[in-house]
Amino acid sequence: MKQLDLQALQRQLAEEGYAVIENVLDAAQLEQARERVASLMAAERADPFPLDDERHEDDDDILAYYKRHYTVSDMEAQRMVARVHQYRRDNENTRWPVPINKVSKNFLHLPTLFDDDKSQRVWNLLNKAPDMIPLIEHPVVLPMVRSVMGQDCNLHDFQATSIGPGTGGGAWHVDAPLGQIAEPLPEFPLTLQNVWMLDDFTADNGATRVMPRSHKLRKSPPWGSGPLDGEVTLTAPAGSVAIWLSNTWHRSGPNHTDRERRAILCNYNVSWLRGFADFTSTLPAGVAAALSHDARYLLGYGARAPLTR
C-alpha cells in the first residue's frame with residue numbers, strides 16, 4: 001500500500017461523503033477473510049434457520065412486510081416470520097406496541113438471503129469469526145472513522161455480503177436509523193460504513209454506487225434502484241476499503257457477471273446511539289480478554305449503562 005494522505009482522505013469524506021483507499025489488506029489477510037466468509041456462507045446456506053409451527057396474530061402482516069420491502073423468496077420470508085417468533089421467545093413473548101413497519105430496524109431481523117436467494121448475508125460475523133476482529137481497529141481505517149464519529153464511537157454492525165450473479169442491484173437509501181427519521185435529517189452522520197472488498201469491485205459486478213455530497217441534502221433519496229445523474233461507482237481492487245457516511249445516498253449496483261461480489265461491511269455509530277448488534281452478549285467466552293482496549297470498547301465493553309446506578 002502506498003503512502004496515504006489521511007488528512008486529504010478525511011477532507012474528502014467530510015466534503016464528498018465517501019472515500020476509497022486501495023490495497024489496504026495484504027494477500028494473506030485478504031485470503032484469510034475470503035476463506036472465512038466463504039466457509040460461513042456455505043454452512044448457512046446448507047443449514048438455514050428452521051421454520052416452526054407457531055401461529056401469531058400478526059404473522060400475515062410480518063410476512064407481507066418482508067415481501068414488500070425486500071427482494072426475498074417465499075421461503076426466506078417465512079424464515080423471517082420464524083425469526084420473529086424466536087425473538088419473542090427470547091424476550092418473554094413481548095409484542096411490539098406498533099406495527100412492524102413502525103418498529104425500529106435495530107429490533108428487526110433482516111433477511112439472510114435476498115435477491116430471490118441469489119445474494120446472501122452473514123450476520124454477527126465477529127461472533128462467528130473472531131479472527132476478523134482486527135479489522136474493526138485497522139490503523140488506516142479507525143483514525144478515519146474517529147475523525148467523523150468521535151474518539152468514543154462504537155461498532156454498530158459487522159457482517160459479510162455476497163451480491164449474486166445476475167442480480168439487479170439494491171435501492172438507493174441512507175443507513176438506519178435515518179430512513180425512519182423525519183426530514184430534515186440531522187446535519188451530521190449517526191453511523192459510518194466501511195466496506196472491505198473481498199473481490200474486485202467493478203462497474204459490472206455490483207460495486208457500490210454513491211451520490212457525492214448527498215449527505216448535505218438532509219433528506220432520504222427517492223425510492224428506486226435506477227441510476228442517478230452524478231452517481232459515482234466505487235471501483236477498486238480486492239483488499240481495498242470504501243468508506244461513506246450514513247447520510248450519503250448509496251446502493252449496491254447490478255451484478256451483470258457470472259460470479260458473486262463479496263465484501264465485509266463494518267459500521268460504526270456515535271456513542272449515544274443504540275447499536276445494531278449486541279456483541280458483548282454473543283462473543284464467544286474468553287475472546288474479549290485477549291483483545292486490545294480499543295477493540296473491547298468498540299465492541300461495547302465499558303460503553304453501556306451500569307448494572308445499577
# chains A, B, ... in the order shown; residues from 1 in each chain; ligands from 1
>>> select_by_dssp(residues="segment 21-268 of chain A", states="helix (DSSP H, G or I)", output="JSON, numbers by chain")
{"A": [27, 28, 29, 30, 31, 32, 33, 34, 35, 36, 37, 38, 39, 40, 41, 42, 43, 44, 45, 46, 59, 60, 61, 62, 63, 64, 65, 66, 67, 68, 69, 74, 75, 76, 77, 78, 79, 80, 81, 82, 83, 84, 85, 86, 87, 88, 89, 90, 100, 101, 102, 105, 106, 107, 125, 126, 127, 128, 130, 131, 132, 133, 134, 135, 136, 137, 141, 142, 143, 144, 145, 146, 147, 148, 149, 178, 179, 180, 214, 215, 216]}
>>> select_by_dssp(residues="segment 147-209 of chain A", states="strand (DSSP E)", output="list in words")
Asn154, Leu155, His156, Asp157, Phe158, Gln159, Ala160, Thr161, Ser162, Ile163, Thr191, Leu192, Gln193, Asn194, Val195, Trp196, Met197, Thr208 and Arg209 of chain A
>>> residues_around(residues="Pro111 of chain A", least_positions_apart="5", cutoff="12 Å", atoms="only C-alpha atoms", output="JSON, numbers by chain")
{"A": [48, 49, 63, 65, 66, 67, 69, 70, 71, 72, 73, 74, 75, 76, 77, 78, 79, 80, 81, 82, 83, 84, 116, 117, 119, 120, 121, 122, 123, 161]}
>>> residues_around(residues="segment 181-185 of chain A", least_positions_apart="4", cutoff="12 Å", atoms="only C-alpha atoms", output="PyMOL selection string")
chain A and resi 102+104-105+174-177+189-190+214-221+246-248
>>> atom_distance(atom1="atom CA of Leu178 of chain A", atom2="atom CA of Gly275 of chain A")
13.5 Å
>>> closest_residue(among="A:Leu9, A:Ala14, A:Ala33, A:Val98", to="Glu187 of chain A", atoms="only C-alpha atoms")
A:Ala14
>>> residues_around(residues="Ser271 of chain A", least_positions_apart="5", cutoff="12 Å", atoms="only C-alpha atoms", output="ChimeraX atom specification")
/A:146,149-156,190-191,297-305
>>> write_last_selection(atoms="N, CA, C and O atoms", output="tab-separated table (two decimals), in the first residue's frame")
chain	number	residue	atom	x	y	z
A	146	ARG	N	-12.85	7.79	13.45
A	146	ARG	CA	-12.91	8.66	14.63
A	146	ARG	C	-12.86	10.14	14.26
A	146	ARG	O	-13.37	10.98	15.01
A	149	MET	N	-16.74	10.34	13.62
A	149	MET	CA	-17.69	9.85	14.63
A	149	MET	C	-17.27	10.17	16.06
A	149	MET	O	-18.04	9.94	17.00
A	150	GLY	N	-16.05	10.66	16.25
A	150	GLY	CA	-15.56	10.95	17.59
A	150	GLY	C	-14.73	9.81	18.16
A	150	GLY	O	-14.89	8.64	17.77
A	151	GLN	N	-13.86	10.13	19.09
A	151	GLN	CA	-12.98	9.12	19.69
A	151	GLN	C	-13.76	8.04	20.44
A	151	GLN	O	-13.26	6.93	20.62
A	152	ASP	N	-14.96	8.38	20.90
A	152	ASP	CA	-15.73	7.43	21.72
A	152	ASP	C	-16.78	6.67	20.92
A	152	ASP	O	-17.71	6.10	21.50
A	153	CYS	N	-16.64	6.61	19.59
A	153	CYS	CA	-17.63	5.88	18.79
A	153	CYS	C	-17.54	4.38	19.08
A	153	CYS	O	-16.56	3.89	19.64
A	154	ASN	N	-18.58	3.67	18.70
A	154	ASN	CA	-18.66	2.22	18.90
A	154	ASN	C	-18.94	1.50	17.59
A	154	ASN	O	-19.37	2.11	16.61
A	155	LEU	N	-18.72	0.20	17.62
A	155	LEU	CA	-19.07	-0.62	16.47
A	155	LEU	C	-20.58	-0.81	16.44
A	155	LEU	O	-21.20	-1.14	17.45
A	156	HIS	N	-21.18	-0.61	15.29
A	156	HIS	CA	-22.63	-0.69	15.13
A	156	HIS	C	-23.06	-2.05	14.58
A	156	HIS	O	-24.05	-2.64	15.03
A	190	LEU	N	-24.97	9.71	11.80
A	190	LEU	CA	-25.15	8.92	13.02
A	190	LEU	C	-24.31	7.64	12.98
A	190	LEU	O	-23.91	7.13	14.02
A	191	THR	N	-24.08	7.13	11.78
A	191	THR	CA	-23.22	5.97	11.61
A	191	THR	C	-22.31	6.20	10.39
A	191	THR	O	-22.53	7.12	9.61
A	297	TYR	N	-13.60	-1.69	23.68
A	297	TYR	CA	-14.51	-0.55	23.77
A	297	TYR	C	-15.39	-0.45	22.52
A	297	TYR	O	-16.60	-0.20	22.63
A	298	LEU	N	-14.81	-0.64	21.35
A	298	LEU	CA	-15.60	-0.58	20.12
A	298	LEU	C	-16.73	-1.60	20.15
A	298	LEU	O	-17.85	-1.35	19.67
A	299	LEU	N	-16.48	-2.77	20.74
A	299	LEU	CA	-17.49	-3.83	20.81
A	299	LEU	C	-18.55	-3.56	21.87
A	299	LEU	O	-19.56	-4.26	21.91
A	300	GLY	N	-18.32	-2.57	22.73
A	300	GLY	CA	-19.34	-2.22	23.71
A	300	GLY	C	-18.95	-2.43	25.15
A	300	GLY	O	-19.72	-2.07	26.06
A	301	TYR	N	-17.79	-2.98	25.41
A	301	TYR	CA	-17.33	-3.13	26.79
A	301	TYR	C	-16.93	-1.76	27.33
A	301	TYR	O	-16.16	-1.05	26.71
A	302	GLY	N	-17.48	-1.39	28.47
A	302	GLY	CA	-17.23	-0.06	29.00
A	302	GLY	C	-18.00	1.03	28.28
A	302	GLY	O	-17.72	2.21	28.47
A	303	ALA	N	-18.96	0.63	27.46
A	303	ALA	CA	-19.73	1.59	26.68
A	303	ALA	C	-21.21	1.24	26.76
A	303	ALA	O	-21.93	1.24	25.75
A	304	ARG	N	-21.67	0.92	27.95
A	304	ARG	CA	-23.07	0.58	28.16
A	304	ARG	C	-23.48	1.04	29.55
A	304	ARG	O	-22.63	1.38	30.39
A	305	ALA	N	-24.76	1.04	29.82
A	305	ALA	CA	-25.25	1.52	31.10
A	305	ALA	C	-24.75	0.63	32.24
A	305	ALA	O	-24.61	-0.59	32.07
>>> residues_around(residues="segment 17-29 of chain A", least_positions_apart="2", cutoff="7 Å", atoms="only C-alpha atoms", output="compact mmCIF listing (two decimals) with N, CA, C and O atoms, in the first residue's frame")
# COMPACT_ATOMS: atom_id res chain seq x y z
N MET A 1 0.84 -1.20 0.00
CA MET A 1 0.00 0.00 0.00
C MET A 1 0.87 1.24 0.00
O MET A 1 1.82 1.35 0.79
N LEU A 9 -7.85 12.43 2.76
CA LEU A 9 -8.94 11.46 2.73
C LEU A 9 -10.05 11.88 3.70
O LEU A 9 -11.24 11.73 3.39
N GLN A 12 -11.99 14.62 2.08
CA GLN A 12 -12.88 14.11 1.05
C GLN A 12 -14.11 13.46 1.67
O GLN A 12 -15.24 13.65 1.20
N LEU A 13 -13.91 12.67 2.74
CA LEU A 13 -15.03 12.02 3.40
C LEU A 13 -16.02 13.05 3.92
O LEU A 13 -17.24 12.90 3.76
N ALA A 14 -15.52 14.13 4.51
CA ALA A 14 -16.39 15.16 5.05
C ALA A 14 -17.11 15.94 3.95
O ALA A 14 -18.29 16.27 4.09
N GLU A 15 -16.41 16.24 2.87
CA GLU A 15 -16.98 17.08 1.81
C GLU A 15 -17.81 16.28 0.81
O GLU A 15 -18.92 16.69 0.43
N GLU A 31 -6.84 -13.33 1.82
CA GLU A 31 -7.19 -14.73 1.66
C GLU A 31 -7.84 -15.29 2.92
O GLU A 31 -8.80 -16.07 2.84
N GLN A 32 -7.37 -14.88 4.08
CA GLN A 32 -7.99 -15.32 5.34
C GLN A 32 -9.45 -14.88 5.41
O GLN A 32 -10.34 -15.67 5.75
N ALA A 33 -9.71 -13.63 5.07
CA ALA A 33 -11.08 -13.12 5.13
C ALA A 33 -11.96 -13.83 4.10
O ALA A 33 -13.11 -14.19 4.40
N PRO A 212 -22.24 11.73 -4.56
CA PRO A 212 -21.39 12.69 -3.85
C PRO A 212 -22.19 13.87 -3.31
O PRO A 212 -23.13 14.35 -3.95
N ARG A 213 -21.84 14.28 -2.10
CA ARG A 213 -22.40 15.46 -1.42
C ARG A 213 -23.88 15.32 -1.08
O ARG A 213 -24.50 16.28 -0.60
N HIS A 215 -25.05 13.82 1.36
CA HIS A 215 -25.21 13.90 2.82
C HIS A 215 -25.55 15.32 3.27
O HIS A 215 -26.04 15.52 4.39
N ALA A 236 -12.49 -0.61 -7.20
CA ALA A 236 -11.16 -0.75 -6.61
C ALA A 236 -10.82 -2.24 -6.56
O ALA A 236 -11.72 -3.09 -6.60
N PRO A 237 -9.55 -2.57 -6.44
CA PRO A 237 -9.16 -3.98 -6.37
C PRO A 237 -9.51 -4.61 -5.01
O PRO A 237 -9.66 -3.91 -4.01
N GLY A 239 -9.16 -6.18 -1.47
CA GLY A 239 -8.25 -5.76 -0.43
C GLY A 239 -8.34 -4.28 -0.12
O GLY A 239 -7.72 -3.79 0.83
N SER A 240 -9.12 -3.55 -0.93
CA SER A 240 -9.34 -2.12 -0.70
C SER A 240 -10.51 -1.93 0.27
O SER A 240 -11.26 -2.86 0.57
N VAL A 241 -10.69 -0.70 0.73
CA VAL A 241 -11.80 -0.38 1.62
C VAL A 241 -12.47 0.91 1.13
O VAL A 241 -11.80 1.87 0.76
N ALA A 242 -13.79 0.88 1.09
CA ALA A 242 -14.59 2.08 0.79
C ALA A 242 -15.26 2.54 2.08
O ALA A 242 -15.69 1.72 2.89
N ILE A 243 -15.35 3.84 2.25
CA ILE A 243 -15.92 4.43 3.46
C ILE A 243 -16.94 5.47 3.04
O ILE A 243 -16.68 6.27 2.13
N TRP A 244 -18.12 5.44 3.66
CA TRP A 244 -19.07 6.52 3.40
C TRP A 244 -19.90 6.81 4.64
O TRP A 244 -20.01 5.99 5.56
N LEU A 245 -20.47 8.00 4.67
CA LEU A 245 -21.29 8.45 5.79
C LEU A 245 -22.68 7.84 5.69
O LEU A 245 -23.19 7.58 4.60
N THR A 248 -25.03 9.59 3.34
CA THR A 248 -24.70 9.62 1.91
C THR A 248 -25.58 8.61 1.19
O THR A 248 -25.65 7.45 1.58
>>> residues_around(residues="segment 284-289 of chain A", least_positions_apart="6", cutoff="8 Å", atoms="only C-alpha atoms", output="list in words")
Asn127, Pro130 and Arg296 of chain A
>>> decode(residues="segment 36-65 of chain A", atoms="N, CA, C and O atoms", output="mmCIF file, in the first residue's frame")
data_model
loop_
_atom_site.group_PDB
_atom_site.id
_atom_site.type_symbol
_atom_site.label_atom_id
_atom_site.label_comp_id
_atom_site.auth_asym_id
_atom_site.auth_seq_id
_atom_site.Cartn_x
_atom_site.Cartn_y
_atom_site.Cartn_z
ATOM 1 N N ARG A 36 -12.809 -17.409 5.356
ATOM 2 C CA ARG A 36 -13.753 -17.427 6.486
ATOM 3 C C ARG A 36 -15.156 -17.115 6.006
ATOM 4 O O ARG A 36 -16.129 -17.775 6.404
ATOM 5 N N VAL A 37 -15.293 -16.102 5.169
ATOM 6 C CA VAL A 37 -16.618 -15.715 4.681
ATOM 7 C C VAL A 37 -17.206 -16.808 3.802
ATOM 8 O O VAL A 37 -18.386 -17.170 3.937
ATOM 9 N N ALA A 38 -16.413 -17.378 2.913
ATOM 10 C CA ALA A 38 -16.915 -18.438 2.029
ATOM 11 C C ALA A 38 -17.378 -19.638 2.829
ATOM 12 O O ALA A 38 -18.433 -20.227 2.535
ATOM 13 N N SER A 39 -16.621 -20.012 3.856
ATOM 14 C CA SER A 39 -16.994 -21.157 4.678
ATOM 15 C C SER A 39 -18.300 -20.920 5.425
ATOM 16 O O SER A 39 -19.186 -21.791 5.466
ATOM 17 N N LEU A 40 -18.454 -19.740 6.008
ATOM 18 C CA LEU A 40 -19.674 -19.425 6.749
ATOM 19 C C LEU A 40 -20.885 -19.349 5.823
ATOM 20 O O LEU A 40 -21.975 -19.825 6.165
ATOM 21 N N MET A 41 -20.704 -18.757 4.660
ATOM 22 C CA MET A 41 -21.826 -18.652 3.733
ATOM 23 C C MET A 41 -22.282 -20.030 3.267
ATOM 24 O O MET A 41 -23.485 -20.303 3.184
ATOM 25 N N ALA A 42 -21.343 -20.904 2.974
ATOM 26 C CA ALA A 42 -21.705 -22.255 2.548
ATOM 27 C C ALA A 42 -22.431 -22.992 3.668
ATOM 28 O O ALA A 42 -23.445 -23.672 3.429
ATOM 29 N N ALA A 43 -21.946 -22.870 4.896
ATOM 30 C CA ALA A 43 -22.564 -23.557 6.021
ATOM 31 C C ALA A 43 -23.978 -23.045 6.286
ATOM 32 O O ALA A 43 -24.892 -23.839 6.557
ATOM 33 N N GLU A 44 -24.184 -21.737 6.189
ATOM 34 C CA GLU A 44 -25.506 -21.186 6.489
ATOM 35 C C GLU A 44 -26.497 -21.447 5.358
ATOM 36 O O GLU A 44 -27.696 -21.575 5.613
ATOM 37 N N ARG A 45 -26.032 -21.541 4.126
ATOM 38 C CA ARG A 45 -26.936 -21.948 3.041
ATOM 39 C C ARG A 45 -27.368 -23.402 3.215
ATOM 40 O O ARG A 45 -28.517 -23.756 2.935
ATOM 41 N N ALA A 46 -26.447 -24.240 3.672
ATOM 42 C CA ALA A 46 -26.751 -25.654 3.830
ATOM 43 C C ALA A 46 -27.666 -25.919 5.024
ATOM 44 O O ALA A 46 -28.385 -26.925 5.045
ATOM 45 N N ASP A 47 -27.653 -25.019 6.006
ATOM 46 C CA ASP A 47 -28.429 -25.230 7.228
ATOM 47 C C ASP A 47 -29.126 -23.926 7.612
ATOM 48 O O ASP A 47 -28.761 -23.277 8.586
ATOM 49 N N PRO A 48 -30.158 -23.512 6.856
ATOM 50 C CA PRO A 48 -30.827 -22.237 7.129
ATOM 51 C C PRO A 48 -31.658 -22.296 8.408
ATOM 52 O O PRO A 48 -31.902 -23.376 8.966
ATOM 53 N N PHE A 49 -32.094 -21.115 8.840
ATOM 54 C CA PHE A 49 -32.911 -21.020 10.048
ATOM 55 C C PHE A 49 -34.180 -21.850 9.869
ATOM 56 O O PHE A 49 -34.857 -21.749 8.847
ATOM 57 N N PRO A 50 -34.535 -22.689 10.843
ATOM 58 C CA PRO A 50 -35.687 -23.584 10.660
ATOM 59 C C PRO A 50 -37.030 -22.873 10.823
ATOM 60 O O PRO A 50 -37.158 -21.916 11.592
ATOM 61 N N LEU A 51 -38.008 -23.341 10.095
ATOM 62 C CA LEU A 51 -39.373 -22.870 10.282
ATOM 63 C C LEU A 51 -39.951 -23.492 11.539
ATOM 64 O O LEU A 51 -39.394 -24.431 12.110
ATOM 65 N N ASP A 52 -41.081 -22.970 12.010
ATOM 66 C CA ASP A 52 -41.733 -23.526 13.187
ATOM 67 C C ASP A 52 -43.226 -23.691 12.929
ATOM 68 O O ASP A 52 -43.726 -23.336 11.859
ATOM 69 N N ASP A 53 -43.926 -24.223 13.922
ATOM 70 C CA ASP A 53 -45.367 -24.464 13.789
ATOM 71 C C ASP A 53 -46.198 -23.433 14.536
ATOM 72 O O ASP A 53 -47.420 -23.575 14.655
ATOM 73 N N GLU A 54 -45.564 -22.386 15.042
ATOM 74 C CA GLU A 54 -46.301 -21.368 15.784
ATOM 75 C C GLU A 54 -47.163 -20.536 14.843
ATOM 76 O O GLU A 54 -46.881 -20.407 13.655
ATOM 77 N N ARG A 55 -48.177 -19.964 15.433
ATOM 78 C CA ARG A 55 -49.025 -19.026 14.683
ATOM 79 C C ARG A 55 -49.315 -17.833 15.569
ATOM 80 O O ARG A 55 -49.891 -17.968 16.642
ATOM 81 N N HIS A 56 -48.855 -16.637 15.143
ATOM 82 C CA HIS A 56 -49.107 -15.409 15.880
ATOM 83 C C HIS A 56 -50.121 -14.564 15.125
ATOM 84 O O HIS A 56 -50.275 -14.691 13.906
ATOM 85 N N GLU A 57 -50.771 -13.683 15.856
ATOM 86 C CA GLU A 57 -51.877 -12.917 15.291
ATOM 87 C C GLU A 57 -51.450 -11.980 14.163
ATOM 88 O O GLU A 57 -52.255 -11.617 13.307
ATOM 89 N N ASP A 58 -50.163 -11.596 14.128
ATOM 90 C CA ASP A 58 -49.696 -10.657 13.110
ATOM 91 C C ASP A 58 -48.772 -11.306 12.086
ATOM 92 O O ASP A 58 -48.035 -10.615 11.378
ATOM 93 N N ASP A 59 -48.789 -12.645 11.987
ATOM 94 C CA ASP A 59 -47.901 -13.330 11.045
ATOM 95 C C ASP A 59 -48.091 -12.849 9.604
ATOM 96 O O ASP A 59 -47.119 -12.662 8.862
ATOM 97 N N ASP A 60 -49.329 -12.651 9.200
ATOM 98 C CA ASP A 60 -49.581 -12.224 7.817
ATOM 99 C C ASP A 60 -48.993 -10.844 7.555
ATOM 100 O O ASP A 60 -48.447 -10.589 6.468
ATOM 101 N N ASP A 61 -49.085 -9.952 8.538
ATOM 102 C CA ASP A 61 -48.519 -8.615 8.383
ATOM 103 C C ASP A 61 -46.993 -8.678 8.301
ATOM 104 O O ASP A 61 -46.369 -7.947 7.516
ATOM 105 N N ILE A 62 -46.391 -9.540 9.115
ATOM 106 C CA ILE A 62 -44.936 -9.691 9.115
ATOM 107 C C ILE A 62 -44.472 -10.248 7.772
ATOM 108 O O ILE A 62 -43.515 -9.746 7.161
ATOM 109 N N LEU A 63 -45.167 -11.268 7.295
ATOM 110 C CA LEU A 63 -44.810 -11.864 6.003
ATOM 111 C C LEU A 63 -44.922 -10.832 4.884
ATOM 112 O O LEU A 63 -44.025 -10.701 4.038
ATOM 113 N N ALA A 64 -46.009 -10.076 4.889
ATOM 114 C CA ALA A 64 -46.218 -9.064 3.847
ATOM 115 C C ALA A 64 -45.161 -7.973 3.916
ATOM 116 O O ALA A 64 -44.710 -7.469 2.873
ATOM 117 N N TYR A 65 -44.738 -7.607 5.120
ATOM 118 C CA TYR A 65 -43.711 -6.572 5.284
ATOM 119 C C TYR A 65 -42.417 -6.992 4.597
ATOM 120 O O TYR A 65 -41.824 -6.217 3.835
#
